[in-house]
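Student: This structure is in structure tokens; I'll ask about it shortly.
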Amino acid sequence: MSWVYLIGAGIAEMTAVFFMGKSKGYQIVRWSIASVLSFSLSFYWLSKSLEGIPLSLAYSIWVGIGAAGGVILGMLYLNESKSRWRIFYLILIIGSVIGLKVVA
């Protein structure tokens, strides 16, 4: 169950960052509320995942999902750059998270 919590926490983190971008600096109330609720859920699920997964591994995966997911959502829905270098480094983030799990 810890892995389910961790994946959920990463997805909630990614959506919170997306909502933060949509809120225009927390100026749009509905997106601001969605962002705060998503961050809260993310932290709660991260804390639940730590009951069965070591901190170093859980935190790395949580950050990786949040960072990579935030970049992907930004590129798809917020018209952020889709340059080849940006995609290259995104692949490195995803590869690094997978590598941390493999060697853990």
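Residues are referred to by chain and number: the chain letter is A, B, ... according to the order shown in the structure tokens, the number counts from 1 in that chain, and ligands are numbered separately from 1 in the order shown.
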Hey, could you make a per-residue contact list for region 76-99 of chain A against region 15-18 of chain A with 12 Å as the cut-off, showing the nearest pair of atoms and its distance in Å to one decimal, counting only C-alpha atoms, sorted by chain and number, as a tab-separated table?

Tutor:
```
residue	atom	partner	partner_atom	distance
A:Leu76	CA	A:Phe18	CA	10.7
A:Tyr77	CA	A:Phe18	CA	8.9
A:Leu78	CA	A:Phe18	CA	8.7
A:Glu80	CA	A:Phe18	CA	11.8
```

Student: Report as a ChimeraX atom specification all protein, DNA and RNA residues lying within 12 Å of region 84-91 of chain A, evaluated on only C-alpha atoms, omitting residues in the same chain fewer than 5 positions from it.

Tutor: /A:64-72,74-75,96-99

Student: Out of A:Ala34, A:Val63, A:Leu46, A:Leu92, which residue has the shortest atom-to-atom distance to Met1 (chain A) when counting only C-alpha atoms?

Tutor: A:Leu46

Student: Write out as a ChimeraX atom specification the set of residues from region 19-67 of chain A that DSSP, computed on the backbone, places in helix (DSSP H, G or I).

Tutor: /A:19-22,29-49,55-67

Student: Would you mind exporting the chosen residues as an mmCIF file, in the first residue's frame, restricted to C-alpha atoms?

Tutor:
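To be explicit, this is the file written out as out36.cif:
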```cif
data_model
loop_
_atom_site.group_PDB
_atom_site.id
_atom_site.type_symbol
_atom_site.label_atom_id
_atom_site.label_comp_id
_atom_site.auth_asym_id
_atom_site.auth_seq_id
_atom_site.Cartn_x
_atom_site.Cartn_y
_atom_site.Cartn_z
ATOM 1 C CA PHE A 19 -2.985 24.372 -10.465
ATOM 2 C CA MET A 20 -0.476 26.835 -9.061
ATOM 3 C CA GLY A 21 0.481 27.791 -12.618
ATOM 4 C CA LYS A 22 -3.182 28.185 -13.563
ATOM 5 C CA VAL A 29 -9.300 31.725 -6.197
ATOM 6 C CA ARG A 30 -10.579 28.400 -7.568
ATOM 7 C CA TRP A 31 -7.153 27.374 -8.884
ATOM 8 C CA SER A 32 -5.509 28.581 -5.675
ATOM 9 C CA ILE A 33 -7.821 26.434 -3.560
ATOM 10 C CA ALA A 34 -7.259 23.444 -5.839
ATOM 11 C CA SER A 35 -3.493 23.922 -5.518
ATOM 12 C CA VAL A 36 -3.526 24.117 -1.711
ATOM 13 C CA LEU A 37 -5.797 21.061 -1.435
ATOM 14 C CA SER A 38 -3.596 19.079 -3.829
ATOM 15 C CA PHE A 39 -0.439 20.013 -1.913
ATOM 16 C CA SER A 40 -2.123 18.966 1.346
ATOM 17 C CA LEU A 41 -3.158 15.616 -0.101
ATOM 18 C CA SER A 42 0.322 15.128 -1.538
ATOM 19 C CA PHE A 43 2.026 15.695 1.822
ATOM 20 C CA TYR A 44 -0.447 13.430 3.613
ATOM 21 C CA TRP A 45 0.047 10.572 1.144
ATOM 22 C CA LEU A 46 3.823 11.072 1.214
ATOM 23 C CA SER A 47 3.772 10.732 5.001
ATOM 24 C CA LYS A 48 1.675 7.546 4.710
ATOM 25 C CA SER A 49 4.106 6.091 2.173
ATOM 26 C CA LEU A 55 12.721 8.328 3.282
ATOM 27 C CA SER A 56 15.533 8.783 0.759
ATOM 28 C CA LEU A 57 13.839 6.620 -1.848
ATOM 29 C CA ALA A 58 10.302 7.913 -1.246
ATOM 30 C CA TYR A 59 11.330 11.555 -1.340
ATOM 31 C CA SER A 60 13.378 11.104 -4.514
ATOM 32 C CA ILE A 61 10.527 9.393 -6.330
ATOM 33 C CA TRP A 62 7.960 11.927 -5.054
ATOM 34 C CA VAL A 63 10.075 14.849 -6.257
ATOM 35 C CA GLY A 64 10.781 13.123 -9.566
ATOM 36 C CA ILE A 65 7.105 12.476 -10.287
ATOM 37 C CA GLY A 66 6.202 16.023 -9.264
ATOM 38 C CA ALA A 67 8.970 17.667 -11.270
#
```

Student: Between CA of Lys101 (chain A) and CA of Ile7 (chain A), measure the distance and give it in Å to one decimal.

Tutor: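 One can read the CA of Lys101 (chain A) to CA of Ile7 (chain A) distance as 12.9 Å.
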
Student: Take CA of Leu73 (chain A) and CA of Leu100 (chain A) and report the distance between them in Å, one decimal.

Tutor: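 One can read the CA of Leu73 (chain A) to CA of Leu100 (chain A) distance as 23.4 Å.
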
Student: Enter the distance from CA of Gly52 (chain A) to CA of Tyr5 (chain A), in Å, rounded to one decimal.

Tutor: 10.0 Å
